[in-house]
Every structure is written in C-alpha cells, then in structure tokens.
Amino acid sequence: MDVFKADVAIIGAGGAGLRAAIAVTESDPTLTVALISKVYPMRSHTVAAEGGAAGVVQSHDSLEHHFHDTVAGGDWLCEQDVVDYFVAHCTEELVQMEHWGCPWSRKPDGHINVRAFGGMKIERTWFAADKSGFHMLHTLFQTSLKYPSIKRFDEHFCVDLVVEDGRVQGAVTIGIASGEFTLIEAKSVIVATGGAARVFRENTNGGIVTGDGMALAYRHGVPLRDMEFVQYHPTCMPGTGLLFTEACRGEGGFLLNKDGYRYLQDYGLGPALPTPVNKAMELGPRDRLSQAFWYEQQKGRTIEGPQGSVVHLDLRHLGEKKLRERLPLIYELAEEFLGVDPALTPIPVRPAAHYTMGGILVDGKCAAPLPGLYAAGECSSVGIHGANRLGSNSLVELCVFGKVAGEEAAKFSRTVAPGNSSTLQQQAELAQQRATNVVRKGKGTERISSLRREMAESMERGCGIYRMGDEMQRTCDKLTELRQRFMNVNVEDKSRVFNTEWLLAIELGYQLDVAQAMAVSALHRRESRGAHQRLDGYTERDDVNFLKHSLVTYAGENTPNISYGAVKITHSQPAVRAYGAAGEKADAAEAAGKIA
Amino acid sequence: MNTSERMITMEVLRYRPEQDETPFFQQFLVPFTDDMSVLQGLQYIKDELEGSLSFRWSCRMAICGSCGMMINGVPKLACHTFLRDTYPNTLRVEALAHFPIERDLVIVMDDFMAKLESIRPYIIADTPRALSEGEYLQTPAQLDLYEQFSSCINCLLCYAACPQYGLNSKFIGPGAMALVHRYNLDSRDSGSAQRMPLVHAEEGVFNCTAVGYCSQVCPKKVDPANAVNINKTESAKDYFLRFVTPKGAGK
Amino acid sequence: MSARRPYVRPMTGWWRKNPFFIEYMVHEGTAFFVAAYALILLASVVVLGQGEAAWNRWLEFLMSPLCIIAHVVILLAFLYHSWTWFNIMPRTLPPILINGTRVKAATITYGGLAAAVIASLIVFAIVARLAP
C-alpha cells in the first residue's frame with residue numbers, strides 16, 4: 001500500500017475543508033496538508049448553496065442581534081459561548097473571502113451589499129447573486145492552489161480513520177481511478193465531509209452528500225450530537241427536491257396556497273404586508289415555514305401536482321429585470337427544469353430535506369473527544385445551529401470554523417510525535433480488507449438501490465416535518481433490518497478502475513449508520529423543538545426535561561445508545577420563539593423591561 | 001407537461017479498461033417522464049439495469065460541473081438535458097470528447113487540473129490588504145467586467161467543443177483562458193504580468209482559430225471564446241509594444 | 001501495477017462529426033474564394049500594365065459566361081463569409097459600453113453587416129459615376 005506522511009489530513013474539500021487547509025498552511029507553512037476528497041474540490045456540495053452568508057455590517061445591526069436571531073432560531077439549543085465566538089468572527093471571514101477574490105454583489109458605491117434572510121432581524125446576508133456557495137467554493141479552491149504545502153488527493157475515497165494509541169493518526173483511502181489504497185499518516189485529522197440529508201427521499205442535496213465523515217467518526221466511538229434535527233427547506237422543486245433559495249423570499253417573493261392566499265399569516269407569522277418585513281411571513285425561519293406547509297396540506301389547501309402537493313412561490317411582482325439580476329440561477333432552474341417563466345407564472349414548490357443541524361460532537365475549538373480529531377462544517381456539531389439553522393449561517397460557518405479547525409489541528413500536530421508506521425500500516429491493511437470485502441465476498445442478494453430506496457422512504461415517513469412515536473419506532477426497526485440486510489449487499493462490479501458501484505455500497509453503509517443515529521435520537525426526544533416536531537402528545541417544547549443535547553453513540557450491530565449533554569447558556573434564557581407581529585411585540589417588551 | 005411514462009432507448013458508450021480493448025455502445029430501454037433528465041436516465045440504468053455503468057454526477061442542478069457528456073454528439077450537462085427532447089429517437093451518450101476515457105462516461109481530467117493550477121487563479125495583490133482595512137471597493141460596473149468569466153463551473157464542455165484542443169492538448173484551452181481573463185480583469189488583482197506569458201506562449205491563445213463552439217455549448221454563458229480572442233489582441237499589443245517601449249520601462 | 005488504461009479516441013474526421021464543425025469548415029473554406037478574388041484583382045493590375053490590347057483581351061475574358069458564373073459564385077461565398085465574419089465578431093471584442101449598458105452581440109453583428117452594406121453601396125456609387 002502507498003503511504004503518504006502528512007502533518008494534518010483533511011477529509012473533504014468543500015468550503016470547510018478548503019478553509020481549514022488554508023488555515024493550516026497560513027499558520028505554519030512547514031506543515032504538510034493532505035487534502036482528501038472523493039470528488040474534485042470544485043464539485044463539493046458547497047457549490048450548490050445559493051442565498052448567501054451572514055455577517056454584521058450595517059450600522060444599525062449588532063453582534064447581539066445576530067446572536068439573538070441565531071439562538072432563538074435554534075430554539076435555545078445552541079452553545080451560546082460558541083455562538084458568541086461565531087458572530088464575532090463572521091464579518092472578518094467574509095472580508096477575507098473578499099480579499100481572496102469572492103465576487104460579492106456590491107452597492108453602487110463599491111461596498112458589499114447585503115440582503116434579507118429568513119429569521120434574521122436585520123439584513124446581513126452577503127451574497128454573490130444567487131450563486132454564493134459556488135463563488136465561495138471556487139474562490140477557496142483557487143486560492144488554495146497558491147500554497148505548495150497543500151497536497152491534494154482528488155477523487156480519493158476515505159474508507160476509515162486510523163486510530164492508534166488512543167488518538168487519530170491517519171486515514172485510509174481508495175484512489176477512485178486506480179482502485180488502489182493509500183494510507184495517509186497524519187498527526188491530526190479534520191473531518192469536513194458535509195451533511196447527510198441524502199438519507200431522505202426528497203432532498204436538496206447532491207449525490208455525494210452521504211454522511212461519510214459522520215459515520216467514520218461515529219464508528220470510532222465519537223458521539224453524534226443533535227442528530228434528530230434535520231432541516232426541511234420550505235421551497236424546493238417537487239420530485240427532484242432542487243432548491244429555490246430563501247433569497248427568493250428575501251427579495252420579496254410570496255408563498256401562496258391554492259386560493260392564492262398568503263397562508264403564512266395563519267401561522268403566527270403575519271401580518272401580510274406587501275413588502276418583505278424581516279422575521280415575518282415569508283422571512284420566517286425554515287422550520288416554521290415547512291410546518292405551515294404541512295398544515296396547509298392537511299387542510300387541503302395545497303395544489304395537487306404530479307410530484308405531490310405544492311404551494312406557489314410567487315416572484316412575478318419582482319419583474320424579469322430584478323429576477324435576472326438577483327436570482328439568475330433560480331430563473332434558469334424554473335425555466336429549464338419546470339418550464340415555468342417565474343416573471344409570468346408562480347413556481348410550484350414543496351419542502352425537502354436540506355440540512356443536518358447535528359453532527360460530530362466537537363467543542364468550540366472544533367476538537368472531537370477523540371484526540372487529534374477535528375471537524376468543521378455541516379458534518380460537525382459545534383453548537384451554533386441548535387434545533388434549527390438560520391439560512392446564511394452555514395456558509396459563513398464553513399469559514400469561521402474551517403479556520404478554527406485548521407489552526408487547532410495544526411497546533412495539535414506540533415505537539416505529538418509521528419506514530420509507529422508499521423502498526424499504522426497493519427491497521428490500514430485491515431481497513432483495506434474490510435473495504436475490499438464488500439466486493440470480494442460471495443455473491444450477495446440485496447440490491448444497493450432497493451436498500452437505499454427503502455431507507456429513504458422510511459426516513460421520510462418516520463422523521464419528516466412532523467413525527468409520531470410509532471412511525472419513528474417503525475423507522476428505527478426498518479433501519480435495524482436494513483443494516484442487517486446490508487451485510488448481504490450485492491456488488492456486481494468486481495473491477496478496480498473507477499468502480500462506482502463499490503463506492504455506492506460503502507456510502508450506503510455510512511448512510512444507514514447515520515440514518516439510524518437520526519431516527520433513534522428523534523425517537524428519544526419526547527418534546528417538540530425547532531425542526532423536531534411531534535404530534536403524539538409531545539407537541540410542546542419541554543425545557544425541564546429536554547433543554548439538552550442528544551448524544552448518540554455507536555454500538556456496532558446493536559441499536560445505538562442515547563445520552564444527553566448540557567446546553568451552554570450564557571445570557572439568553574429560553575423564551576417563546578415569536579415571529580411576525582408577535583415577535584416585534586416580544587422584542588418591544590424585552591426592550592422596555594431592560595429600560596425598567 | 002406530459003407526466004405519463006414512456007420508454008426511450010438510451011445508447012451508452014461503455015469502456016471497461018480491465019475487460020474491453022476499445023469502447024462499444026450498449027443499449028438500454030429506459031422508462032421516463034417529461035421532467036426526467038439524461039442523468040436520471042443514467043441513474044435508472046445504474047440502479048436497475050447495469051450496476052457497473054460508471055459516470056460522475058452530484059448536484060443535479062447544473063452548478064457542480066460533474067456530469068459533462070456528449071449527448072447526441074453535443075457536449076452537454078446530463079442533469080440539464082431532458083430525455084423528452086430526444087424521444088422518440090434513440091438518445092446517444094458518450095464520454096466528453098477530446099479527453100481520454102478512464103472508464104465508461106468518466107474522462108481523465110488531470111490535464112485540465114494541471115492547467116488550472118498553472119494559471120495562478122487567485123488574487124495577486126501588489127500590497128496585501130489587512131483584514132482591518134475592510135473590503136476592497138469595487139463598483140457594480142467593475143464587478144460586471146469579470147463576473148461572467150468567474151461563472152465557469154469547470155465542466156469542460158468547452159474543451160470537448162474545441163477541435164484545436166482535441167488536435168493538440170497542449171493548448172491552454174477556453175476554460176482556463178476564461179479564468180486567466182477573469183483574474184486579469186478583477187480590479188483587486190495586479191497579477192496579469194505573471195499570467196500573460198501563458199497567453200503568449202506557443203500553447204497560448206494563438207492556437208485558437210475562432211471556431212466559437214466553446215461559447216455555444218457553455219451552460220453558464222461564460223463566453224470563453226471572448227476571453228481567448230480578447231487576449232489575442234492583448235498578446236499582440238504586448239508583442240508590438242515591446243518594440244516601442246524603451247528598455248527597462250516595463251517592470 | 002495499476003489497472004488504469006485510459007482510452008484516447010482518434011480525431012480523424014472530427015469536422016464531419018458535428019454540423020457546427022461542418023459549417024465552420026465551410027465558412028473557413030470561403031476564405032479561398034476571397035483569396036481567389038484577390039488574385040483576380042492582382043491579375044487585373046498586372047494586365048493593366050501590359051497596355052490597352054492586353055487589357056481589352058482581359059475584359060473579354062472576364063465577360064465570358066464561365067467567368068461570370070465564377071464571379072457569381074465568388075460573390076455568394078463573399079456574402080456568406082461576411083455574414084460568418086460579423087457573426088463571430090462580438091466574441092472577439094471587449095465589451096462595448098453605451099451609457100453603462102453593454103451593446104448586445106446581435107447589435108454588433110448587424111451593425112457590422114450594415115457598415116459592410118453601406119461601404120459596398122458607396123463603392124457602387126463611385127463606380128457607377130465613373131463608368132462611361
């Protein structure tokens with residue numbers, strides 16, 4: 001087996017992985033970084049983010065506002081000290097992106113422009129038209145080419161972490177083109193592999209978003225935190241789940257039911273004014289909007305389409321010129337995928353699984369409980385999203401915590417001696433055997449696609465926008481069954497060169513583990529909070545019993561174990577999450593209280 | 001939109017290096033609805049008919065740049081091309097032209113990656129700006145100058161459309177040139193002197209014979225032919241100015 | 001040993017494989033007609049230098065049916081050449097701004113064609129005036 005010796009290995013080269021790689025090399029250019037990615041970096045799913053990234057810039061805005069929006073948006077399940085650090089570093093990181101060439105949209109005077117976003121009190125979303133993630137990813141990737149100490153392993157698929165002596169010491173990868181294995185020895189490892197919403201049937205995610213890093217860490221005993229919180233994005237394309245950015249609503253788009261009525265006013269988000277009001281109506285948080293859709297569907301007020309019920313995203317009043325300028329990608333998606341001209345016809349939309357708020361348990365320094373292991377971005381749970389993420393917090397999270405992870409992993413790598421190469425290689429050989437076994441073992445009988453479909457359908461039924469105990473139990477049982485059947489999965493393709501069937505099988509293994517972590521965490525949270533909403537007697541938030549993080553720990557073939565950890569609350573006590581007019585009233589009352 | 005299911009024949013170029021001497025076509029009968037893309041057709045084949053068929057894909061929304069293929073002989077993104085447009089004819093899918101085939105519909109793209117690395121695709125500032133100084137000021141008009149060229153998703157359709165690249169892969173090609181131009185035009189950048197040698201070089205812009213097909217197939221309206229041809233003028237200007245500029249007047 | 005064995009497809013006959021390339025070869029081919037007409041003009045100048053008799057013979061040759069057919073063919077090729085030339089022109093120019101908005105590609109193409117037509121008309125007018 002080939003061996004590469006690095007100081008820091010990074011798994012995943014999307015926004016967080018690239019930012020981390022740059023941070024390592026900028027903090028110490030003598031350190032060698034192995035940047036491992038199962039796709040070429042510019043294909044990473046950061047590319048598909050549309051709306052923008054939050055950073056306080058306006059004089060009437062403040063870090064406190066951003067903090068409060070984030071914590072309340074997360075239904076008080078956020079680590080408040082981490083949110084404090086986060087909001088304080090967002091703007092600086094976005095300026096850094098600007099210096100590296102990100103083509104942020106501008107005001108006439110040449111300064112950065114910002115737009116409104118759901119759940120944000122004041123406009124603070126930096127954007128590059130509606131291709132913000134694309135531009136951030138390409139800026140980071142192209143900037144990373146400046147640094148000779150970043151050694152890329154493009155199209156290298158990670159099959160395992162190497163843990164020896166109680167700490168992470170590397171990763172084992174398959175070079176996809178050759179089918180050959182490489183051991184990447186490293187003194188510290190950063191996982192930055194993104195989310196896992198592909199475990200749901202209808203989702204906004206790219207095919208590569210299969211929770212690899214979460215599963216890798218989880219299998220080595222690192223708990224996954226708050227996995228029950230999966231965000232449904234309210235405005236997605238029926239069938240494919242492709243995303244119509246929240247910026248559509250930030251720019252003034254309406255959501256209409258079958259009567260052409262702005263139904264959100266019936267769900268505590270009103271009043272319905274003709275121009276966008278921050279934190280009201282269409283600019284409410286995503287969990288609330290997706291839930292409102294569900295109720296409209298129950299009431300029979302949605303529109304029946306060939307791909308399920310839909311409501312209308314109405315952008316007509318914005319006019320073609322503004323749409324072409326501010327939302328060009330949306331315009332193109334609507335025209336080409338749906339045959340709809342959004343300047344003339346409302347776009348049919350429905351919610352789809354979008355984002356995993358939870359992930360690998362890490363502290364505010366991005367360090368996991370396993371020494372040497374760090375995580376950043378969607379795969380991690382650093383504690384800023386709580387029970388529901390606000391749009392435009394995740395793109396900037398990639399930068400803020402990508403950098404932290406890079407610097408901390410660099411620091412750690414200087415404190416430890418290189419591992420014992422021969423033991424590491426023995427471990428790597430075992431990992432190779434396990435990965436090869438998926439193909440080499442006798443003929444299996446289970447089809448990859450059937451297992452995947454059954455998993456996704458079961459997740460949607462049990463862990464969708466609204467959840468019921470018995471349905472979640474059925475999903476848990478189903479996942480247990482699927483994990484069992486997965487042992488007997490059939491990989492027809494025995495070749496080595498670019499064997500994607502083999503990789504799909506390994507990915508499915510990751511997905512089943514992560515899906516099970518989600519379902520079991522969901523089943524045990526007997527309350528409703530943020531994106532986790534139950535209809536079976538636990539319809540309210542229960543701060544007495546559940547103002548705590550869930551931690552799910554891998555237990556091999558058995559059902560994983562659930563435990564709970566404290567939530568760090570510094571200065572925002574849990575309160576009612578109010579939006580629209582009610583939200584303004586609550587804010588006013590709070591302000592009055594402070595004066596008195 | 002017709003939502004009933006019909007059957008289309010997809011003819012896919014296969015090449016399995018461990019088994020096949022040369023590529024061959026394999027036909028599949030695929031059920032489809034009007035909203036189904038070629039990519040979804042391929043996914044159906046992989047899931048239900050032929051698990052060993054290999055192709056790259058991810059985002060499904062024409063932004064990650066993974067699924068470039070020759071579809072009925074034209075370079076296209078598979079996620080962005082619909083089966084309904086070919087039906088009832090047979091739809092033919094091949095790996096992107098002008099690149100070596102790694103396997104099936106997967107091409108070897110090392111050459112493009114090396115070119116991308118060679119062009120210094122990042123801001124080169126004369127004097128680095130401190131974060132505390134805030135953002136560079138850049139007016140919407142200055143942004144507009146280069147924005148189109150920054151929209152390149154590296155899908156390589158333009159390379160598959162460029163016969164000059166097919167005949168001589170040393171040619172820097174449309175996509176990489178668009179990015180050279182993107183950075184040279186950026187008001188924050190002062191690195192064009194470092195990039196121009198690539199433009200002048202034997203492998204540079206003068207390999208282009210203005211076929212213009214690259215811009216035609218570009219899914220993001222980047223117009224790489226424009227970047228290449230403007231740089232012919234720039235390169236010629238640089239060449240002739242050498243004779244009239246006093247020695248040492250440059251940098 | 002690596003099992004990789006990338007397959008390189010041959011480029012032979014590349015220009016026949018795509019209608020766009022066939023059109024490209026055709027419009028590049030029209031350049032030969034442009035060259036041919038340049039040779040005719042050059043020959044005219046040479047003949048003019050050889051005296052009146054030679055010139056009259058040359059005129060007679062030019063008025064032969066074969067020669068007129070050749071000229072019609074060259075004219076058609078010229079028209080097509082100009083069309084394709086102006087068609088690609090927007091792709092070769094930096095953005096032209098008028099009042100801060102970009103001039104559209106079609107405007108540049110049709111503007112160029114219009115300029116060519118006007119220039120031709122002027123030449124015709126001069127020739128018509130000079131003609132005996």
# chains A, B, ... in the order shown; residues from 1 in each chain; ligands from 1
>>> interface_residues(of="chain A", to="chain B", cutoff="8 Å", atoms="only C-alpha atoms", output="number ranges by chain")
A: 42-45, 47-48, 92, 95-96, 98-101, 103, 105-112, 134-135, 139, 142-143, 145-146, 177, 205-208, 242, 306, 333, 336-338, 448-449, 491-493, 495, 497-501
>>> closest_atom_pairs(of="chain B", to="chain C", cutoff="6 Å", atoms="only C-alpha atoms", output="CSV")
residue,atom,partner,partner_atom,distance
B:Pro17,CA,C:Arg5,CA,5.5
B:Pro100,CA,C:Val8,CA,4.5
B:Ile101,CA,C:Tyr7,CA,5.0
B:Glu102,CA,C:Pro6,CA,4.7
B:Asn226,CA,C:Arg91,CA,4.4
B:Asn229,CA,C:Thr92,CA,4.8
B:Ile230,CA,C:Thr92,CA,5.6
>>> closest_residue(among="A:Tyr261, A:Phe127, A:Phe181, A:Tyr40", to="chain C", atoms="only C-alpha atoms")
A:Phe181
>>> residues_around(residues="stretch 62-79 of chain C", least_positions_apart="4", cutoff="8 Å", atoms="only C-alpha atoms", output="list in words")
Thr30, Phe33, Val34, Tyr37, Trp58 and Trp83 of chain C
>>> write_last_selection(atoms="N, CA and C atoms", output="tab-separated table (two decimals), in the first residue's frame")
chain	number	residue	atom	x	y	z
C	30	THR	N	-14.62	29.47	-47.37
C	30	THR	CA	-14.94	30.64	-48.20
C	30	THR	C	-13.75	31.59	-48.30
C	33	PHE	N	-12.17	31.64	-51.62
C	33	PHE	CA	-12.81	32.48	-52.65
C	33	PHE	C	-12.36	33.93	-52.50
C	34	VAL	N	-12.20	34.33	-51.27
C	34	VAL	CA	-11.70	35.69	-51.02
C	34	VAL	C	-10.31	35.81	-51.64
C	37	TYR	N	-10.46	35.96	-55.43
C	37	TYR	CA	-10.84	37.26	-55.98
C	37	TYR	C	-9.68	38.25	-55.87
C	58	TRP	N	-8.32	40.93	-71.69
C	58	TRP	CA	-8.64	40.54	-70.30
C	58	TRP	C	-10.11	40.82	-70.00
C	83	TRP	N	-21.07	37.37	-43.53
C	83	TRP	CA	-22.05	37.03	-42.51
C	83	TRP	C	-21.39	36.30	-41.34
>>> atom_distance(atom1="atom CA of A:Arg124", atom2="atom CA of A:Gly52")
9.3 Å
>>> atom_distance(atom1="atom CA of A:Glu471", atom2="atom CA of A:Gly537")
13.8 Å
